[in-house]
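**Student:** This is run.cif (mmCIF, C-alpha atoms and all ligand atoms; chains and numbers go by the auth columns).
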data_query
loop_
_atom_site.group_PDB
_atom_site.id
_atom_site.type_symbol
_atom_site.label_atom_id
_atom_site.label_comp_id
_atom_site.label_asym_id
_atom_site.label_seq_id
_atom_site.Cartn_x
_atom_site.Cartn_y
_atom_site.Cartn_z
_atom_site.B_iso_or_equiv
_atom_site.auth_seq_id
_atom_site.auth_asym_id
ATOM 1 C CA MET A 1 106.912 84.167 111.639 0.00 273 A
ATOM 2 C CA ASP A 2 106.487 81.165 113.898 0.00 274 A
ATOM 3 C CA GLY A 3 108.882 78.522 115.122 0.00 275 A
ATOM 4 C CA ASN A 4 111.899 80.445 116.430 0.00 276 A
ATOM 5 C CA GLY A 5 111.629 78.870 119.888 0.00 277 A
ATOM 6 C CA ARG A 6 111.342 75.325 118.544 0.00 278 A
ATOM 7 C CA TRP A 7 114.246 75.921 116.167 0.00 279 A
ATOM 8 C CA ALA A 8 116.434 76.934 119.123 0.00 280 A
ATOM 9 C CA ALA A 9 115.160 74.135 121.389 0.00 281 A
ATOM 10 C CA ALA A 10 116.041 71.543 118.742 0.00 282 A
ATOM 11 C CA ARG A 11 119.667 72.693 119.083 0.00 283 A
ATOM 12 C CA GLY A 12 119.613 73.003 122.863 0.00 284 A
ATOM 13 C CA TRP A 13 119.961 76.772 122.530 0.00 285 A
ATOM 14 C CA PRO A 14 118.108 79.552 124.379 0.00 286 A
ATOM 15 C CA ARG A 15 114.947 80.882 122.725 0.00 287 A
ATOM 16 C CA LEU A 16 116.593 84.201 121.975 0.00 288 A
ATOM 17 C CA ALA A 17 119.088 82.436 119.696 0.00 289 A
ATOM 18 C CA GLY A 18 116.048 81.305 117.712 0.00 290 A
ATOM 19 C CA HIS A 19 114.826 84.874 117.471 0.00 291 A
ATOM 20 C CA ARG A 20 118.262 85.955 116.226 0.00 292 A
ATOM 21 C CA ALA A 21 118.143 83.296 113.522 0.00 293 A
ATOM 22 C CA GLY A 22 114.604 84.470 112.768 0.00 294 A
ATOM 23 C CA ALA A 23 115.954 87.938 112.061 0.00 295 A
ATOM 24 C CA GLU A 24 118.166 86.434 109.344 0.00 296 A
ATOM 25 C CA ALA A 25 115.094 84.867 107.769 0.00 297 A
ATOM 26 C CA VAL A 26 113.492 88.314 107.788 0.00 298 A
ATOM 27 C CA ARG A 27 116.429 89.631 105.809 0.00 299 A
ATOM 28 C CA ARG A 28 115.984 86.860 103.227 0.00 300 A
ATOM 29 C CA ALA A 29 112.241 87.465 102.913 0.00 301 A
ATOM 30 C CA VAL A 30 112.758 91.209 102.442 0.00 302 A
ATOM 31 C CA GLU A 31 115.402 90.574 99.818 0.00 303 A
ATOM 32 C CA ASN A 32 113.202 88.204 97.831 0.00 304 A
ATOM 33 C CA ALA A 33 109.769 89.808 98.153 0.00 305 A
ATOM 34 C CA PRO A 34 110.149 92.503 95.456 0.00 306 A
ATOM 35 C CA ARG A 35 111.399 90.101 92.762 0.00 307 A
ATOM 36 C CA LEU A 36 108.394 87.870 93.503 0.00 308 A
ATOM 37 C CA GLY A 37 106.037 90.741 92.834 0.00 309 A
ATOM 38 C CA ALA A 38 105.144 91.768 96.387 0.00 310 A
ATOM 39 C CA GLY A 39 104.580 95.489 96.875 0.00 311 A
ATOM 40 C CA THR A 40 103.870 95.157 100.587 0.00 312 A
ATOM 41 C CA LEU A 41 105.281 92.654 103.060 0.00 313 A
ATOM 42 C CA THR A 42 103.902 92.607 106.595 0.00 314 A
ATOM 43 C CA LEU A 43 105.726 90.606 109.247 0.00 315 A
ATOM 44 C CA TYR A 44 104.098 89.690 112.546 0.00 316 A
ATOM 45 C CA ALA A 45 106.926 90.190 115.009 0.00 317 A
ATOM 46 C CA PHE A 46 105.198 90.709 118.365 0.00 318 A
ATOM 47 C CA SER A 47 101.520 90.310 119.168 0.00 319 A
ATOM 48 C CA GLY A 48 99.507 91.973 121.888 0.00 320 A
ATOM 49 C CA ASP A 49 99.334 88.539 123.519 0.00 321 A
ATOM 50 C CA ASN A 50 103.115 88.041 123.411 0.00 322 A
ATOM 51 C CA TRP A 51 103.276 90.243 126.531 0.00 323 A
ATOM 52 C CA LYS A 52 102.345 87.035 128.357 0.00 324 A
ATOM 53 C CA ARG A 53 105.864 85.689 127.717 0.00 325 A
ATOM 54 C CA PRO A 54 108.618 85.939 130.368 0.00 326 A
ATOM 55 C CA PRO A 55 109.921 89.526 130.720 0.00 327 A
ATOM 56 C CA ALA A 56 113.450 88.458 129.748 0.00 328 A
ATOM 57 C CA GLU A 57 112.243 87.137 126.391 0.00 329 A
ATOM 58 C CA VAL A 58 110.105 90.236 125.780 0.00 330 A
ATOM 59 C CA GLN A 59 113.033 92.547 126.586 0.00 331 A
ATOM 60 C CA GLY A 60 115.334 90.450 124.427 0.00 332 A
ATOM 61 C CA LEU A 61 112.943 90.765 121.503 0.00 333 A
ATOM 62 C CA PHE A 62 112.672 94.534 121.900 0.00 334 A
ATOM 63 C CA ARG A 63 116.469 94.805 122.011 0.00 335 A
ATOM 64 C CA LEU A 64 116.649 92.739 118.839 0.00 336 A
ATOM 65 C CA PHE A 65 114.095 94.958 117.060 0.00 337 A
ATOM 66 C CA GLU A 66 116.021 98.062 118.046 0.00 338 A
ATOM 67 C CA GLU A 67 119.356 96.576 116.982 0.00 339 A
ATOM 68 C CA HIS A 68 118.065 95.490 113.593 0.00 340 A
ATOM 69 C CA LEU A 69 116.238 98.726 112.875 0.00 341 A
ATOM 70 C CA ARG A 70 119.444 100.601 113.631 0.00 342 A
ATOM 71 C CA ALA A 71 121.539 98.263 111.466 0.00 343 A
ATOM 72 C CA GLU A 72 119.169 98.065 108.503 0.00 344 A
ATOM 73 C CA THR A 73 117.750 101.583 108.180 0.00 345 A
ATOM 74 C CA ARG A 74 120.435 102.938 105.878 0.00 346 A
ATOM 75 C CA LYS A 75 120.530 99.847 103.680 0.00 347 A
ATOM 76 C CA CYS A 76 116.746 99.874 103.373 0.00 348 A
ATOM 77 C CA ALA A 77 116.725 103.564 102.449 0.00 349 A
ATOM 78 C CA GLU A 78 119.306 102.867 99.729 0.00 350 A
ATOM 79 C CA LYS A 79 117.292 99.949 98.361 0.00 351 A
ATOM 80 C CA GLY A 80 114.037 101.905 98.276 0.00 352 A
ATOM 81 C CA ILE A 81 112.451 99.884 101.091 0.00 353 A
ATOM 82 C CA ARG A 82 110.005 101.858 103.177 0.00 354 A
ATOM 83 C CA ILE A 83 109.729 100.597 106.749 0.00 355 A
ATOM 84 C CA ASN A 84 106.519 101.057 108.709 0.00 356 A
ATOM 85 C CA ILE A 85 105.976 99.632 112.182 0.00 357 A
ATOM 86 C CA ILE A 86 102.307 98.910 112.783 0.00 358 A
ATOM 87 C CA GLY A 87 100.527 98.398 116.087 0.00 359 A
ATOM 88 C CA ARG A 88 100.428 100.215 119.426 0.00 360 A
ATOM 89 C CA ARG A 89 103.329 102.343 120.560 0.00 361 A
ATOM 90 C CA ASP A 90 102.208 103.444 124.000 0.00 362 A
ATOM 91 C CA ARG A 91 103.455 100.280 125.739 0.00 363 A
ATOM 92 C CA LEU A 92 106.813 100.001 123.966 0.00 364 A
ATOM 93 C CA PRO A 93 110.102 101.140 125.519 0.00 365 A
ATOM 94 C CA ARG A 94 110.730 104.818 124.742 0.00 366 A
ATOM 95 C CA ARG A 95 114.076 104.012 123.067 0.00 367 A
ATOM 96 C CA LEU A 96 112.426 101.606 120.670 0.00 368 A
ATOM 97 C CA VAL A 97 109.740 104.146 119.781 0.00 369 A
ATOM 98 C CA THR A 98 112.432 106.738 119.047 0.00 370 A
ATOM 99 C CA MET A 99 114.220 104.220 116.827 0.00 371 A
ATOM 100 C CA ILE A 100 110.937 103.389 115.036 0.00 372 A
ATOM 101 C CA GLU A 101 110.278 107.063 114.362 0.00 373 A
ATOM 102 C CA SER A 102 113.726 107.731 112.935 0.00 374 A
ATOM 103 C CA THR A 103 113.660 104.568 110.795 0.00 375 A
ATOM 104 C CA GLU A 104 110.285 105.492 109.351 0.00 376 A
ATOM 105 C CA ALA A 105 111.428 109.023 108.600 0.00 377 A
ATOM 106 C CA ALA A 106 114.682 107.855 106.985 0.00 378 A
ATOM 107 C CA THR A 107 112.967 105.326 104.704 0.00 379 A
ATOM 108 C CA ALA A 108 109.773 107.276 103.924 0.00 380 A
ATOM 109 C CA GLY A 109 110.788 107.836 100.292 0.00 381 A
ATOM 110 C CA GLY A 110 111.133 104.098 99.504 0.00 382 A
ATOM 111 C CA ARG A 111 108.983 102.893 96.604 0.00 383 A
ATOM 112 C CA ASN A 112 110.298 99.376 95.868 0.00 384 A
ATOM 113 C CA LEU A 113 108.722 97.664 98.872 0.00 385 A
ATOM 114 C CA LEU A 114 106.567 98.687 101.808 0.00 386 A
ATOM 115 C CA LEU A 115 107.937 96.611 104.657 0.00 387 A
ATOM 116 C CA ARG A 116 105.511 96.605 107.563 0.00 388 A
ATOM 117 C CA ILE A 117 106.515 95.064 110.866 0.00 389 A
ATOM 118 C CA ALA A 118 103.751 94.451 113.381 0.00 390 A
ATOM 119 C CA ILE A 119 104.894 95.074 116.947 0.00 391 A
ATOM 120 C CA ASP A 120 102.470 95.059 119.891 0.00 392 A
ATOM 121 C CA TYR A 121 99.794 94.358 117.327 0.00 393 A
ATOM 122 C CA SER A 122 96.331 92.911 117.918 0.00 394 A
ATOM 123 C CA ALA A 123 93.796 93.019 115.110 0.00 395 A
ATOM 124 C CA ARG A 124 90.843 92.846 117.475 0.00 396 A
ATOM 125 C CA ASP A 125 92.128 95.725 119.614 0.00 397 A
ATOM 126 C CA SER A 126 92.749 97.755 116.463 0.00 398 A
ATOM 127 C CA ILE A 127 89.238 97.100 115.199 0.00 399 A
ATOM 128 C CA VAL A 128 87.744 98.186 118.523 0.00 400 A
ATOM 129 C CA ARG A 129 89.845 101.362 118.618 0.00 401 A
ATOM 130 C CA ALA A 130 88.999 102.208 114.991 0.00 402 A
ATOM 131 C CA ALA A 131 85.297 101.600 115.661 0.00 403 A
ATOM 132 C CA GLN A 132 85.434 104.093 118.535 0.00 404 A
ATOM 133 C CA ARG A 133 86.583 106.728 116.044 0.00 405 A
ATOM 134 C CA LEU A 134 83.725 106.191 113.594 0.00 406 A
ATOM 135 C CA PRO A 135 81.769 109.435 113.335 0.00 407 A
ATOM 136 C CA ARG A 136 78.158 109.052 114.439 0.00 408 A
ATOM 137 C CA THR A 137 76.810 111.477 111.888 0.00 409 A
ATOM 138 C CA LYS A 138 78.318 110.161 108.672 0.00 410 A
ATOM 139 C CA ALA A 139 77.231 106.953 106.994 0.00 411 A
ATOM 140 C CA SER A 140 80.226 104.721 107.586 0.00 412 A
ATOM 141 C CA SER A 141 81.890 102.961 104.728 0.00 413 A
ATOM 142 C CA ARG A 142 84.527 100.252 104.493 0.00 414 A
ATOM 143 C CA GLU A 143 86.933 102.819 103.032 0.00 415 A
ATOM 144 C CA LEU A 144 86.470 105.128 105.971 0.00 416 A
ATOM 145 C CA PHE A 145 86.909 102.247 108.402 0.00 417 A
ATOM 146 C CA SER A 146 90.094 101.115 106.626 0.00 418 A
ATOM 147 C CA ARG A 147 91.450 104.620 106.981 0.00 419 A
ATOM 148 C CA LEU A 148 90.617 104.737 110.693 0.00 420 A
ATOM 149 C CA LEU A 149 92.194 101.327 111.138 0.00 421 A
ATOM 150 C CA ALA A 150 95.334 102.589 109.448 0.00 422 A
ATOM 151 C CA GLU A 151 95.320 105.597 111.740 0.00 423 A
ATOM 152 C CA VAL A 152 95.129 103.665 115.017 0.00 424 A
ATOM 153 C CA ASP A 153 97.873 101.289 113.866 0.00 425 A
ATOM 154 C CA HIS A 154 100.291 103.982 112.619 0.00 426 A
ATOM 155 C CA CYS A 155 100.017 102.611 109.081 0.00 427 A
ATOM 156 C CA ALA A 156 101.680 104.567 106.309 0.00 428 A
ATOM 157 C CA ALA A 157 98.641 104.011 104.078 0.00 429 A
ATOM 158 C CA ALA A 158 95.019 102.826 104.375 0.00 430 A
ATOM 159 C CA ALA A 159 94.867 99.191 105.492 0.00 431 A
ATOM 160 C CA PRO A 160 95.763 97.221 102.347 0.00 432 A
ATOM 161 C CA GLU A 161 93.958 93.972 101.502 0.00 433 A
ATOM 162 C CA VAL A 162 96.157 90.970 102.170 0.00 434 A
ATOM 163 C CA ASP A 163 96.555 88.722 99.113 0.00 435 A
ATOM 164 C CA LEU A 164 98.629 85.952 100.629 0.00 436 A
ATOM 165 C CA LEU A 165 99.091 85.032 104.273 0.00 437 A
ATOM 166 C CA ILE A 166 101.925 82.638 105.081 0.00 438 A
ATOM 167 C CA ARG A 167 102.263 80.928 108.441 0.00 439 A
ATOM 168 C CA THR A 168 105.287 78.835 109.246 0.00 440 A
ATOM 169 C CA SER A 169 105.992 76.034 111.744 0.00 441 A
ATOM 170 C CA GLY A 170 102.914 73.930 111.023 0.00 442 A
ATOM 171 C CA GLU A 171 100.491 76.047 113.048 0.00 443 A
ATOM 172 C CA GLN A 172 97.249 76.774 111.233 0.00 444 A
ATOM 173 C CA ARG A 173 95.813 79.836 112.917 0.00 445 A
ATOM 174 C CA LEU A 174 95.472 83.568 112.291 0.00 446 A
ATOM 175 C CA SER A 175 96.345 84.503 115.891 0.00 447 A
ATOM 176 C CA ASP A 176 94.735 87.942 115.806 0.00 448 A
ATOM 177 C CA PHE A 177 96.704 89.112 112.751 0.00 449 A
ATOM 178 C CA LEU A 178 95.181 91.547 110.215 0.00 450 A
ATOM 179 C CA LEU A 179 91.676 90.098 110.650 0.00 451 A
ATOM 180 C CA TRP A 180 89.942 92.877 108.703 0.00 452 A
ATOM 181 C CA GLU A 181 92.588 92.997 105.972 0.00 453 A
ATOM 182 C CA CYS A 182 92.594 89.200 105.504 0.00 454 A
ATOM 183 C CA ALA A 183 88.920 88.987 104.490 0.00 455 A
ATOM 184 C CA TYR A 184 89.875 87.386 101.150 0.00 456 A
ATOM 185 C CA ALA A 185 93.475 86.422 101.834 0.00 457 A
ATOM 186 C CA GLU A 186 94.731 83.145 100.441 0.00 458 A
ATOM 187 C CA LEU A 187 96.142 81.121 103.339 0.00 459 A
ATOM 188 C CA TYR A 188 99.367 79.151 103.015 0.00 460 A
ATOM 189 C CA PHE A 189 100.739 76.925 105.740 0.00 461 A
ATOM 190 C CA THR A 190 104.153 75.338 105.814 0.00 462 A
ATOM 191 C CA PRO A 191 105.789 73.045 108.383 0.00 463 A
ATOM 192 C CA LYS A 192 109.112 74.904 107.994 0.00 464 A
ATOM 193 C CA LEU A 193 110.214 76.741 111.124 0.00 465 A
ATOM 194 C CA TRP A 194 110.670 80.463 110.487 0.00 466 A
ATOM 195 C CA PRO A 195 114.495 80.498 110.864 0.00 467 A
ATOM 196 C CA ASP A 196 114.674 77.822 108.131 0.00 468 A
ATOM 197 C CA PHE A 197 112.393 79.751 105.755 0.00 469 A
ATOM 198 C CA THR A 198 114.395 80.627 102.616 0.00 470 A
ATOM 199 C CA GLY A 199 113.898 82.676 99.473 0.00 471 A
ATOM 200 C CA LYS A 200 112.983 79.408 97.724 0.00 472 A
ATOM 201 C CA ASP A 201 110.269 78.774 100.326 0.00 473 A
ATOM 202 C CA LEU A 202 108.841 82.226 99.715 0.00 474 A
ATOM 203 C CA GLU A 203 108.924 81.516 96.008 0.00 475 A
ATOM 204 C CA ALA A 204 107.023 78.243 96.550 0.00 476 A
ATOM 205 C CA ALA A 205 104.365 80.084 98.570 0.00 477 A
ATOM 206 C CA VAL A 206 103.938 82.716 95.858 0.00 478 A
ATOM 207 C CA GLU A 207 103.769 79.984 93.214 0.00 479 A
ATOM 208 C CA ALA A 208 101.008 78.219 95.189 0.00 480 A
ATOM 209 C CA PHE A 209 99.214 81.563 95.456 0.00 481 A
ATOM 210 C CA ARG A 210 99.389 81.997 91.672 0.00 482 A
ATOM 211 C CA GLN A 211 97.642 78.648 91.214 0.00 483 A
ATOM 212 C CA ARG A 212 94.706 79.682 93.379 0.00 484 A
ATOM 213 C CA GLU A 213 91.507 80.797 91.756 0.00 485 A
ATOM 214 C CA ARG A 214 90.284 83.925 93.502 0.00 486 A
ATOM 215 C CA ARG A 215 86.604 84.638 92.994 0.00 487 A
ATOM 216 C CA PHE A 216 85.833 87.073 95.839 0.00 488 A
ATOM 217 C CA GLY A 217 82.366 85.582 96.110 0.00 489 A
ATOM 218 C CA ALA A 218 81.628 85.828 92.386 0.00 490 A
ATOM 219 C CA LEU A 219 81.602 83.008 89.820 0.00 491 A
ATOM 220 C CA ARG A 220 84.631 81.611 88.032 0.00 492 A
ATOM 221 C CA THR A 221 85.442 83.530 84.900 0.00 493 A
ATOM 222 C CA SER A 222 84.292 80.773 82.512 0.00 494 A
ATOM 223 C CA ALA A 223 81.069 80.210 84.496 0.00 495 A
ATOM 224 C CA ALA A 224 80.385 83.938 84.426 0.00 496 A
ATOM 225 C CA VAL A 225 80.637 83.956 80.638 0.00 497 A
ATOM 226 C CA VAL A 226 78.115 81.093 80.442 0.00 498 A
ATOM 227 C CA ALA A 227 75.839 82.862 82.908 0.00 499 A
ATOM 228 C CA ALA A 228 75.987 86.023 80.832 0.00 500 A
ATOM 229 C CA ALA A 229 75.148 84.054 77.660 0.00 501 A
ATOM 230 C CA VAL A 230 71.920 82.509 78.975 0.00 502 A
HETATM 231 C C1 LIG B . 107.765 83.356 116.732 0.00 601 A
HETATM 232 O O1 LIG B . 108.500 82.313 117.260 0.00 601 A
HETATM 233 C C2 LIG B . 108.348 84.704 116.959 0.00 601 A
HETATM 234 C C3 LIG B . 107.760 85.596 117.973 0.00 601 A
HETATM 235 C C4 LIG B . 106.612 85.508 118.574 0.00 601 A
HETATM 236 C C5 LIG B . 108.602 86.731 118.298 0.00 601 A
HETATM 237 P P1 LIG B . 108.023 81.647 118.597 0.00 601 A
HETATM 238 O O2 LIG B . 108.736 82.303 119.726 0.00 601 A
HETATM 239 O O3 LIG B . 106.538 81.673 118.695 0.00 601 A
HETATM 240 O O4 LIG B . 108.547 80.166 118.414 0.00 601 A
HETATM 241 P P2 LIG B . 107.869 78.821 118.964 0.00 601 A
HETATM 242 O O5 LIG B . 106.415 78.835 118.607 0.00 601 A
HETATM 243 O O6 LIG B . 108.085 78.800 120.443 0.00 601 A
HETATM 244 O O7 LIG B . 108.618 77.742 118.259 0.00 601 A
HETATM 245 MG MG MG B . 105.025 80.359 118.378 0.00 602 A
#
Spell out the structure here as structure tokens.
**Tutor:**
Amino acid sequence: MDGNGRWAAARGWPRLAGHRAGAEAVRRAVENAPRLGAGTLTLYAFSGDNWKRPPAEVQGLFRLFEEHLRAETRKCAEKGIRINIIGRRDRLPRRLVTMIESTEAATAGGRNLLLRIAIDYSARDSIVRAAQRLPRTKASSRELFSRLLAEVDHCAAAAPEVDLLIRTSGEQRLSDFLLWECAYAELYFTPKLWPDFTGKDLEAAVEAFRQRERRFGALRTSAAVVAAAV
């Protein structure tokens, strides 16, 4: 979800106003994801490297997360949206962690959408921490590693494969997001700033995704038939 700061700067507003507008775009994405066929939506809200930002912005973001979790929990529970905050929790303000825990508990029964929000998340740190938990005796498998990865990140379920990764604001980077889970993700980049990202934009991204041919290293279906015939 990139471009909040630029969106605010273009209006001569403080960066936090951009983050507030970004929260509205989150609401739109969550509303539209299920009808577009998404079972899981993961939003990158705060990276491990975002700690490098000025303390006032970091605190403002944490306040915003807390505020929105408090405001949305009941509505999400009613709509069958399960909220899961992924990433580290040991560096977050205690109040936010308490809010995260109660939101997760209140929405745990949701089956319409798994809404994952990554806060203090770094894929590389997660991979290192999961690797440290690999048992030395057992032959390790990808499944086991995915489970360990889920464990270190407080994921509600084993790390799901990402089908479609969308990055807004014209940047074309992964920025340490879900590196393991994105092994075969289709990448979609749009110049739209996150606060301007609408349900229609999400629809366009999903439509582009549907046009992609995913082979996962194998041959195209028609080529495979020919190969099988010879
Ligand atoms: C992304 O918007 C949101 C967060 C990291 C919380 P930015 O804050 O990165 O916005 P730009 O890149 O400055 O426009
Ligand atoms: Mg940015």
**Student:** With the file shown as input, list the residues that the PyMOL selection byres (((chain A and resi 449-456) around 7) and not hetatm) selects, as a VMD selection string.
**Tutor:** chain A and resid 394 to 395 431 to 434 446 to 448 457 to 458 488
**Student:** Apply the PyMOL selection byres (((chain A and resi 426) around 9) and not hetatm) to the displayed file and report the matching residues as an NGL selection string.
**Tutor:** :A and (356-361 or 421-425 or 427-429)
**Student:** Here's the selection I'm unsure about, the PyMOL selection byres (((chain A and resi 302) around 12) and not hetatm); applied to the file above, which residues does it give, as JSON, numbers by chain?
**Tutor:** {"A": [295, 296, 297, 298, 299, 300, 301, 303, 304, 305, 306, 307, 308, 309, 310, 311, 312, 313, 314, 315, 344, 347, 348, 351, 352, 353, 354, 355, 384, 385, 386, 387, 388, 389, 469, 470, 471, 474]}
**Student:** What are the centre and edge lengths in Å, to one decimal, of the axis-aligned box around all listed atoms of ligand LIG 601 (chain A) with 3 Å added on each side, as lines of an AutoDock Vina configuration file?
**Tutor:**
center_x = 107.6
center_y = 82.2
center_z = 118.6
size_x = 8.3
size_y = 15.0
size_z = 9.7
**Student:** Kindly provide, as an MDAnalysis selection string, all nucleotide and amino acid residues lying within 12 Å of ligand MG 602 (chain A), counting all atoms listed in the file.
**Tutor:** chainID A and resid 273:280 287 290:291 294 316:319 321:322 325 439:447 465:466
**Student:** Quick one: distance from atom CA of A:Val478 to atom C1 of ligand LIG 601 (chain A) in Å, one decimal?
**Tutor:**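 Separation of atom CA of A:Val478 and atom C1 of ligand LIG 601 (chain A): 21.2 Å.
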**Student:** Closest to ligand LIG 601 (chain A) among A:Arg363, A:Ala343, A:Ala349, A:Ile391, using all atoms listed in the file?
**Tutor:**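 Nearest candidate to ligand LIG 601 (chain A) out of A:Arg363, A:Ala343, A:Ala349, A:Ile391: A:Ile391.
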**Student:** Between A:Ala289, A:Ala490, A:Ala499, A:Ala380, which is the closest to ligand LIG 601 (chain A) once you count all atoms listed in the file?
**Tutor:**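 Closest to ligand LIG 601 (chain A) of all the choices is A:Ala289.
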**Student:** Take atom CA of A:Leu420 and atom CA of A:Arg396 and report the distance between them in Å, one decimal.
**Tutor:**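 Result for atom CA of A:Leu420 versus atom CA of A:Arg396: 13.7 Å, one decimal.
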**Student:** Calculate how many Å separate atom CA of A:Gln404 from atom CA of A:Ala390, rounding to one decimal.
**Tutor:**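 These atoms are spaced 21.3 Å apart.
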**Student:** At most 6 Å from (88.7, 107.2, 111.0), file frame, all atoms listed in the file: which residues, as number ranges by chain?
**Tutor:** A: 405-406, 416-417, 419-420
**Student:** Pick out the residues sitting within 12 Å of A:Gln331, and hand them over as a ChimeraX atom specification; count all atoms listed in the file, and ignore anything fewer than 3 positions along from it in its own chain.
**Tutor:** /A:288,318,322-323,325-328,334-338,364-365,368
**Student:** Quick one: of A:Arg414, A:Lys464, A:Arg492, A:Arg482, who's nearest to ligand LIG 601 (chain A), counting only C-alpha atoms and all ligand atoms?
**Tutor:** A:Lys464
**Student:** Using all atoms listed in the file, can you tell me which of A:Glu376, A:Asp392, A:Asp435, A:Glu415 comes closest to ligand LIG 601 (chain A)?
**Tutor:** A:Asp392
**Student:** For ligand LIG 601 (chain A), which of A:Arg486, A:Arg346, A:Arg408, A:Lys324 is the closest residue, counting all atoms listed in the file?
**Tutor:**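 Distance minimum relative to ligand LIG 601 (chain A) lands on A:Lys324.
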**Student:** Using only C-alpha atoms and all ligand atoms, pick whichever of A:Arg366, A:Tyr393, A:Ala378, A:Tyr460 has the shortest atom-to-atom distance to ligand LIG 601 (chain A).
**Tutor:**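 Result for the nearest residue to ligand LIG 601 (chain A): A:Tyr393.
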